[in-house]
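Chemist: Following this message is one structure expressed as structure tokens.
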Amino acid sequence: MKNFSVEQFLKELEVLVNIDSGLGANEGTNEVGMLLSRQLTERGWLLERHTVSDKCGDCFVLKNREAEHYDVLMIGHIDTVFPAGEALRRPFTRDEKRAYGVGVLDMKQGCLGMVWSLNALPTEVLEKLNIVVIFNPDEEIGSLYSRELSDSYARISDYALVYEAASDCVTRCIQRKGMIRYAVDFIGKAGHAGYAFENGGINAVNEMAYWICELAKYHCEETGTTVNAGVARGGQAANIIPDHAELVLDVRYEKISEMEKILAALDELAEHAKAKGVGLQEKFRRATPPMEPSEKTYALCELAKAITEDMGYTFKLKKRGGLSDANHLSACGCATLDALGPTGDFDHSEDEYLELSTIQPNLEFTCRLLTKLAEKK
Ligand SMILES: [Zn+2]
């Protein structure tokens, strides 16, 4: 990358990091979105600003031209996991090797890196590729409100590039587990424990326990599926038949077929509860598909590998257990590469940092990748 100045990058990053854009900081999220967008609109990119909910900031969509089909979708989230006020309490700092601050790694660096990489691209690359850039405001709450919009672009894009931080310097990700979050209340009928056969008591805790045991059968190292009964509560006293129990599940899986199995199991368990006379109050059910690599993804990986080795690094991939926008975008059918931002560690904590030496190589990688994709066209 020509004329790369880490100092200038950090100066711009400092501004972004010092603006709160977490929960309850919609204005700050919008300010971050505008600052990033402006760098592209000044160069002729088209900006669409979508209000997706009043519970988060706006979603910023930028295109180098209007098109019915995009070669590349690039995405980064401008929200952080921290509450409003955190940036004031813990502003951006840096030393020789690292930068610190709220969302410095997750993922304001990735968003800024996207902009910098695009601005460093030769005109002929931008002429050849139709690119759509999305800064979404709600990834840390599961992209609840922006998902539909970004998926609509993923369905008309060949490649999706996601700028979560790399692990190591340039270790990428093509595989993330999917997740089911499920919360349900069991409604039984209270009664004296000594007269259970006569008083019509229905034990809500027993039904919950049955569910936990049945679902645990899917917890399997071989398939990579984990079933975690994270919250299981119920009952009041030993001699009372409990009329209420509460279960919250977190299930993760590598394959969409596993997701479908678990969803079917939940439906079967609901039938079981009904047969036992236990009422159910489903409070939350959300299933996110896994990021599962396709043939197209492996072909993109080959290209990424060649570029990485050409730059003098070893290409590595790492599976991740946490979700990102790559989960739902890849399920739309585009070849998806994640962990394209510079690296660091300890995101979602006060110790979060960005490794300064990894900024330039990662920006360079994106430039080279987009150039190759343009050449291939
Ligand atoms: Zn995060």
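Numbering starts fresh at 1 for the residues of each chain in the structure tokens, the chains themselves are lettered A, B, ... in the order given, and ligands are numbered from 1 as they appear.
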Please find the residues contacting ligand 1 at a distance of at most 8 Å between atoms, with only C-alpha atoms and all ligand atoms counted, and report them as a tab-separated table (two decimals) with C-alpha atoms, in the first residue's frame.
Modeler:
chain	number	residue	atom	x	y	z
A	80	THR	CA	-19.78	-1.81	20.41
A	81	VAL	CA	-20.74	-4.08	23.26
A	106	ASP	CA	-14.23	-4.96	17.84
A	107	MET	CA	-14.49	-3.44	15.39
A	139	GLU	CA	-24.13	-6.67	15.37
A	140	GLU	CA	-23.52	-6.87	19.10
A	324	SER	CA	-20.72	-12.60	13.37
A	347	ASP	CA	-12.57	-7.93	22.77
A	348	HIS	CA	-15.66	-7.42	24.94
Chemist: Write out as a PyMOL selection string the set of residues from region 145-174 of chain A that DSSP, computed on the backbone, places in helix (DSSP H, G or I).
Modeler: chain A and resi 147-154
Chemist: If you keep N, CA and C atoms, can you produce a file of those selected residues as an mmCIF file, in the first residue's frame?
Modeler:
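Saved the output as out-v3.cif:
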data_model
loop_
_atom_site.group_PDB
_atom_site.id
_atom_site.type_symbol
_atom_site.label_atom_id
_atom_site.label_comp_id
_atom_site.auth_asym_id
_atom_site.auth_seq_id
_atom_site.Cartn_x
_atom_site.Cartn_y
_atom_site.Cartn_z
ATOM 1 N N ARG A 147 -30.199 -7.249 9.811
ATOM 2 C CA ARG A 147 -29.923 -8.494 9.107
ATOM 3 C C ARG A 147 -30.674 -8.595 7.774
ATOM 4 N N GLU A 148 -31.942 -8.239 7.820
ATOM 5 C CA GLU A 148 -32.758 -8.358 6.607
ATOM 6 C C GLU A 148 -32.174 -7.522 5.463
ATOM 7 N N LEU A 149 -31.740 -6.317 5.815
ATOM 8 C CA LEU A 149 -31.174 -5.411 4.803
ATOM 9 C C LEU A 149 -29.856 -5.964 4.247
ATOM 10 N N SER A 150 -28.956 -6.383 5.144
ATOM 11 C CA SER A 150 -27.658 -6.875 4.639
ATOM 12 C C SER A 150 -27.839 -8.193 3.881
ATOM 13 N N ASP A 151 -28.788 -9.014 4.320
ATOM 14 C CA ASP A 151 -29.048 -10.260 3.586
ATOM 15 C C ASP A 151 -29.571 -9.972 2.174
ATOM 16 N N SER A 152 -30.336 -8.896 2.034
ATOM 17 C CA SER A 152 -30.868 -8.584 0.702
ATOM 18 C C SER A 152 -29.719 -8.260 -0.255
ATOM 19 N N TYR A 153 -28.635 -7.685 0.268
ATOM 20 C CA TYR A 153 -27.461 -7.445 -0.582
ATOM 21 C C TYR A 153 -26.625 -8.713 -0.762
ATOM 22 N N ALA A 154 -26.572 -9.528 0.279
ATOM 23 C CA ALA A 154 -25.793 -10.776 0.170
ATOM 24 C C ALA A 154 -26.368 -11.673 -0.923
#
Chemist: Please identify all polymer residues within 8 Å of Tyr100 (chain A), counting only C-alpha atoms, omitting same-chain residues fewer than 5 positions from it, and present them as a compact mmCIF listing (two decimals) with C-alpha atoms, in the first residue's frame.
Modeler:
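And here is the file that came out, result_10.txt:
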# COMPACT_ATOMS: atom_id res chain seq x y z
CA PHE A 92 -8.40 5.87 23.38
CA THR A 93 -4.80 5.37 24.42
CA ARG A 94 -1.80 3.80 22.73
CA ASP A 351 -8.28 -5.17 28.13
CA GLU A 352 -9.24 -5.04 24.45
CA TYR A 353 -6.31 -3.95 22.29
CA LEU A 354 -5.27 -3.59 18.68
Chemist: To one decimal in Å, tell me the separation between CA of Ile359 (chain A) and CA of Asp338 (chain A).
Modeler: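 CA of Asp338 (chain A) lies at a distance of 15.8 Å from CA of Ile359 (chain A).
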Chemist: Quick one: residues within 12 Å of Lys55 (chain A), only C-alpha atoms, excluding same-chain residues fewer than 6 positions away - as a VMD selection string?
Modeler: chain A and resid 21 to 27 29 79 137 to 138 141 143 to 146
Chemist: Taking C-alpha atoms for each residue, export the selection above as an mmCIF file, in the first residue's frame.
Modeler:
data_model
loop_
_atom_site.group_PDB
_atom_site.id
_atom_site.type_symbol
_atom_site.label_atom_id
_atom_site.label_comp_id
_atom_site.auth_asym_id
_atom_site.auth_seq_id
_atom_site.Cartn_x
_atom_site.Cartn_y
_atom_site.Cartn_z
ATOM 1 C CA SER A 21 -21.713 3.679 19.879
ATOM 2 C CA GLY A 22 -22.920 0.934 22.172
ATOM 3 C CA LEU A 23 -26.341 0.238 23.637
ATOM 4 C CA GLY A 24 -28.268 3.449 24.196
ATOM 5 C CA ALA A 25 -25.872 5.554 22.151
ATOM 6 C CA ASN A 26 -27.718 5.768 18.832
ATOM 7 C CA GLU A 27 -26.507 9.290 18.108
ATOM 8 C CA THR A 29 -23.428 5.211 16.324
ATOM 9 C CA ASP A 79 -21.736 -0.587 17.406
ATOM 10 C CA PRO A 137 -25.393 -0.640 13.894
ATOM 11 C CA ASP A 138 -26.526 -3.739 15.782
ATOM 12 C CA ILE A 141 -27.215 -7.586 19.611
ATOM 13 C CA SER A 143 -27.883 -7.822 13.938
ATOM 14 C CA LEU A 144 -31.527 -8.122 14.926
ATOM 15 C CA TYR A 145 -32.638 -5.110 12.923
ATOM 16 C CA SER A 146 -30.089 -4.848 10.090
#
Chemist: Would you list the contacts of region 58-62 of chain A as a PyMOL selection string, taking every protein, DNA or RNA residue within 7 Å and counting only C-alpha atoms, but skipping same-chain residues closer than 2 positions in sequence?
Modeler: chain A and resi 30+33+45-52+56+64+132-137+146
Chemist: Let me see the file: selected residues, N, CA and C atoms, as a compact mmCIF listing (two decimals), in the first residue's frame.
Modeler:
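Once written, result10.txt looks like this:
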# COMPACT_ATOMS: atom_id res chain seq x y z
N ASN A 30 -24.57 6.79 14.88
CA ASN A 30 -24.80 7.49 13.62
C ASN A 30 -23.63 8.40 13.26
N GLY A 33 -20.99 6.23 11.87
CA GLY A 33 -21.39 5.85 10.51
C GLY A 33 -21.16 6.97 9.51
N TRP A 45 -18.80 7.81 -3.83
CA TRP A 45 -19.65 6.67 -3.48
C TRP A 45 -21.06 7.16 -3.15
N LEU A 46 -22.04 6.30 -3.42
CA LEU A 46 -23.43 6.64 -3.13
C LEU A 46 -23.78 6.15 -1.73
N LEU A 47 -24.45 6.99 -0.97
CA LEU A 47 -24.80 6.62 0.41
C LEU A 47 -26.31 6.49 0.56
N GLU A 48 -26.70 5.36 1.19
CA GLU A 48 -28.10 5.20 1.62
C GLU A 48 -28.06 5.02 3.12
N ARG A 49 -28.90 5.76 3.81
CA ARG A 49 -28.95 5.62 5.26
C ARG A 49 -30.30 5.04 5.63
N HIS A 50 -30.29 3.89 6.30
CA HIS A 50 -31.54 3.22 6.64
C HIS A 50 -31.77 3.24 8.15
N THR A 51 -32.92 3.75 8.55
CA THR A 51 -33.29 3.62 9.97
C THR A 51 -33.97 2.26 10.11
N VAL A 52 -33.31 1.35 10.84
CA VAL A 52 -33.83 -0.01 10.93
C VAL A 52 -34.60 -0.26 12.22
N CYS A 56 -31.41 1.02 17.88
CA CYS A 56 -29.99 1.10 17.51
C CYS A 56 -29.82 2.27 16.54
N ASN A 64 -20.30 1.81 -4.89
CA ASN A 64 -19.51 2.60 -5.84
C ASN A 64 -20.34 2.89 -7.09
N VAL A 132 -20.49 -3.10 -2.64
CA VAL A 132 -21.41 -2.51 -1.66
C VAL A 132 -20.78 -2.65 -0.27
N VAL A 133 -20.77 -1.56 0.45
CA VAL A 133 -20.18 -1.52 1.79
C VAL A 133 -21.30 -1.28 2.79
N ILE A 134 -21.32 -2.08 3.85
CA ILE A 134 -22.36 -1.88 4.87
C ILE A 134 -21.72 -1.66 6.24
N PHE A 135 -22.12 -0.58 6.88
CA PHE A 135 -21.76 -0.38 8.29
C PHE A 135 -23.04 -0.60 9.08
N ASN A 136 -23.10 -1.71 9.79
CA ASN A 136 -24.36 -2.01 10.49
C ASN A 136 -24.27 -1.64 11.98
N PRO A 137 -25.39 -1.25 12.56
CA PRO A 137 -25.39 -0.64 13.89
C PRO A 137 -25.78 -1.59 15.03
N SER A 146 -30.74 -5.14 11.38
CA SER A 146 -30.09 -4.85 10.09
C SER A 146 -29.96 -6.08 9.22
Chemist: To test your reading of the structure, identify every residue in region 128-265 of chain A that backbone DSSP assigns to strand (DSSP E), and report it as a short mmCIF file (atom, residue, chain, number, x, y, z; two decimals) with N, CA and C atoms, in the first residue's frame.
Modeler:
data_model
loop_
_atom_site.label_atom_id
_atom_site.label_comp_id
_atom_site.auth_asym_id
_atom_site.auth_seq_id
_atom_site.Cartn_x
_atom_site.Cartn_y
_atom_site.Cartn_z
N ILE A 131 -19.15 -2.78 -5.89
CA ILE A 131 -18.91 -3.05 -4.46
C ILE A 131 -20.00 -2.37 -3.63
N VAL A 132 -20.49 -3.10 -2.64
CA VAL A 132 -21.41 -2.51 -1.66
C VAL A 132 -20.78 -2.65 -0.27
N VAL A 133 -20.77 -1.56 0.45
CA VAL A 133 -20.18 -1.52 1.79
C VAL A 133 -21.30 -1.28 2.79
N ILE A 134 -21.32 -2.08 3.85
CA ILE A 134 -22.36 -1.88 4.87
C ILE A 134 -21.72 -1.66 6.24
N PHE A 135 -22.12 -0.58 6.88
CA PHE A 135 -21.76 -0.38 8.29
C PHE A 135 -23.04 -0.60 9.08
N ASN A 136 -23.10 -1.71 9.79
CA ASN A 136 -24.36 -2.01 10.49
C ASN A 136 -24.27 -1.64 11.98
N SER A 157 -24.88 -10.75 -4.20
CA SER A 157 -23.43 -10.54 -4.23
C SER A 157 -22.71 -11.88 -4.37
N ASP A 158 -21.54 -11.84 -5.02
CA ASP A 158 -20.74 -13.06 -5.16
C ASP A 158 -19.93 -13.36 -3.90
N TYR A 159 -19.33 -12.30 -3.34
CA TYR A 159 -18.43 -12.49 -2.21
C TYR A 159 -18.84 -11.58 -1.06
N ALA A 160 -18.71 -12.11 0.15
CA ALA A 160 -18.91 -11.26 1.34
C ALA A 160 -17.61 -11.23 2.13
N LEU A 161 -17.14 -10.04 2.43
CA LEU A 161 -15.92 -9.88 3.22
C LEU A 161 -16.29 -9.21 4.54
N VAL A 162 -15.93 -9.88 5.63
CA VAL A 162 -16.35 -9.43 6.96
C VAL A 162 -15.10 -9.02 7.74
N THR A 171 -4.73 -14.71 10.28
CA THR A 171 -5.52 -15.94 10.30
C THR A 171 -6.99 -15.61 10.06
N ARG A 172 -7.55 -16.22 9.03
CA ARG A 172 -8.91 -15.88 8.62
C ARG A 172 -9.91 -16.90 9.13
N GLY A 178 -23.21 -21.85 14.34
CA GLY A 178 -24.49 -21.17 14.43
C GLY A 178 -25.02 -21.31 15.84
N MET A 179 -26.12 -20.65 16.13
CA MET A 179 -26.61 -20.68 17.51
C MET A 179 -28.13 -20.61 17.57
N ILE A 180 -28.69 -21.43 18.45
CA ILE A 180 -30.11 -21.28 18.81
C ILE A 180 -30.16 -20.73 20.23
N ARG A 181 -30.87 -19.65 20.38
CA ARG A 181 -31.19 -19.16 21.72
C ARG A 181 -32.67 -19.43 21.93
N TYR A 182 -32.97 -20.05 23.05
CA TYR A 182 -34.33 -20.47 23.28
C TYR A 182 -34.68 -20.28 24.75
N ALA A 183 -35.77 -19.63 25.02
CA ALA A 183 -36.21 -19.44 26.41
C ALA A 183 -37.67 -19.83 26.52
N VAL A 184 -37.95 -20.66 27.51
CA VAL A 184 -39.33 -21.13 27.66
C VAL A 184 -39.69 -21.28 29.14
N ASP A 185 -40.95 -21.01 29.45
CA ASP A 185 -41.48 -21.26 30.80
C ASP A 185 -42.41 -22.47 30.75
N PHE A 186 -42.31 -23.30 31.75
CA PHE A 186 -43.18 -24.48 31.86
C PHE A 186 -44.25 -24.18 32.92
N ILE A 187 -45.50 -24.41 32.58
CA ILE A 187 -46.59 -24.14 33.52
C ILE A 187 -47.24 -25.47 33.92
N GLY A 191 -49.54 -28.48 44.00
CA GLY A 191 -50.30 -29.36 44.89
C GLY A 191 -49.38 -29.89 45.99
N HIS A 192 -49.98 -30.57 46.98
CA HIS A 192 -49.21 -31.17 48.09
C HIS A 192 -48.43 -32.37 47.53
N THR A 226 -22.94 -28.17 20.72
CA THR A 226 -22.97 -28.03 22.18
C THR A 226 -24.37 -27.61 22.61
N VAL A 227 -24.84 -28.23 23.67
CA VAL A 227 -26.15 -27.85 24.22
C VAL A 227 -25.92 -27.40 25.66
N ASN A 228 -26.20 -26.14 25.90
CA ASN A 228 -25.98 -25.60 27.23
C ASN A 228 -27.29 -25.12 27.83
N ALA A 229 -27.74 -25.82 28.88
CA ALA A 229 -28.90 -25.34 29.63
C ALA A 229 -28.36 -24.28 30.58
N GLY A 230 -28.32 -23.05 30.11
CA GLY A 230 -27.65 -21.97 30.85
C GLY A 230 -28.41 -21.50 32.06
N VAL A 231 -29.74 -21.53 31.98
CA VAL A 231 -30.59 -21.17 33.11
C VAL A 231 -31.64 -22.26 33.25
N ALA A 232 -31.76 -22.81 34.45
CA ALA A 232 -32.81 -23.80 34.73
C ALA A 232 -33.28 -23.55 36.15
N ARG A 233 -34.50 -23.04 36.28
CA ARG A 233 -35.01 -22.69 37.61
C ARG A 233 -36.42 -23.23 37.78
N GLY A 234 -36.76 -23.48 39.03
CA GLY A 234 -38.16 -23.86 39.28
C GLY A 234 -38.36 -24.34 40.69
N ILE A 240 -43.92 -29.08 47.84
CA ILE A 240 -44.88 -28.48 46.89
C ILE A 240 -44.57 -28.99 45.48
N ILE A 241 -45.59 -29.46 44.79
CA ILE A 241 -45.40 -29.81 43.38
C ILE A 241 -45.22 -28.50 42.62
N HIS A 244 -44.20 -24.11 38.20
CA HIS A 244 -43.49 -23.22 37.28
C HIS A 244 -42.01 -23.61 37.17
N ALA A 245 -41.48 -23.58 35.95
CA ALA A 245 -40.04 -23.78 35.73
C ALA A 245 -39.64 -22.92 34.54
N GLU A 246 -38.37 -22.58 34.52
CA GLU A 246 -37.88 -21.67 33.48
C GLU A 246 -36.57 -22.22 32.92
N LEU A 247 -36.49 -22.29 31.61
CA LEU A 247 -35.30 -22.85 30.96
C LEU A 247 -34.81 -21.89 29.88
N VAL A 248 -33.50 -21.63 29.88
CA VAL A 248 -32.89 -20.84 28.80
C VAL A 248 -31.74 -21.65 28.21
N LEU A 249 -31.81 -21.86 26.91
CA LEU A 249 -30.83 -22.72 26.23
C LEU A 249 -29.95 -21.93 25.28
N ASP A 250 -28.71 -22.40 25.17
CA ASP A 250 -27.80 -21.91 24.14
C ASP A 250 -27.26 -23.15 23.45
N VAL A 251 -27.61 -23.30 22.18
CA VAL A 251 -27.18 -24.47 21.41
C VAL A 251 -26.31 -23.98 20.25
N ARG A 252 -25.15 -24.59 20.06
CA ARG A 252 -24.27 -24.18 18.95
C ARG A 252 -23.90 -25.39 18.10
N TYR A 253 -23.72 -25.14 16.81
CA TYR A 253 -23.53 -26.26 15.87
C TYR A 253 -22.77 -25.78 14.65
#
Chemist: Which one of A:Ala196, A:Ala275, A:Ala99, A:Leu329 sits closest to Asn239 (chain A) if you count only C-alpha atoms?
Modeler: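 Among A:Ala196, A:Ala275, A:Ala99, A:Leu329, it is A:Ala196 that comes nearest to Asn239 (chain A).
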Chemist: Within 6 Å of Pro91 (chain A), counting only C-alpha atoms, which residues show up once you throw out same-chain ones fewer than 4 positions away? Write them as a list in words, please.
Modeler: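 Residues meeting the cut-off are Asn18, Ala87 and Gly101 of chain A.
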Chemist: Between CA of Cys334 (chain A) and CA of Pro289 (chain A), what is the distance, to one decimal in Å?
Modeler: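 Separation of CA of Cys334 (chain A) and CA of Pro289 (chain A): 13.9 Å.
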Chemist: With only C-alpha atoms as the atoms that count, which of A:Val205, A:Leu112, A:Leu370, A:Leu88 lies nearest to Ile75 (chain A)?
Modeler: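 Selected residue with least distance to Ile75 (chain A): A:Leu112.
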Chemist: In Å, rounded to a single decimal, give me how far CA of Phe82 (chain A) is from CA of Gly142 (chain A).
Modeler: 14.4 Å
Chemist: Which residue, A:Ile78, A:Leu323, A:Ala265, A:Ala273, has the smallest gap to Ala216 (chain A) when you use only C-alpha atoms?
Modeler: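 For Ala216 (chain A), the nearest of the candidates is A:Ala265.
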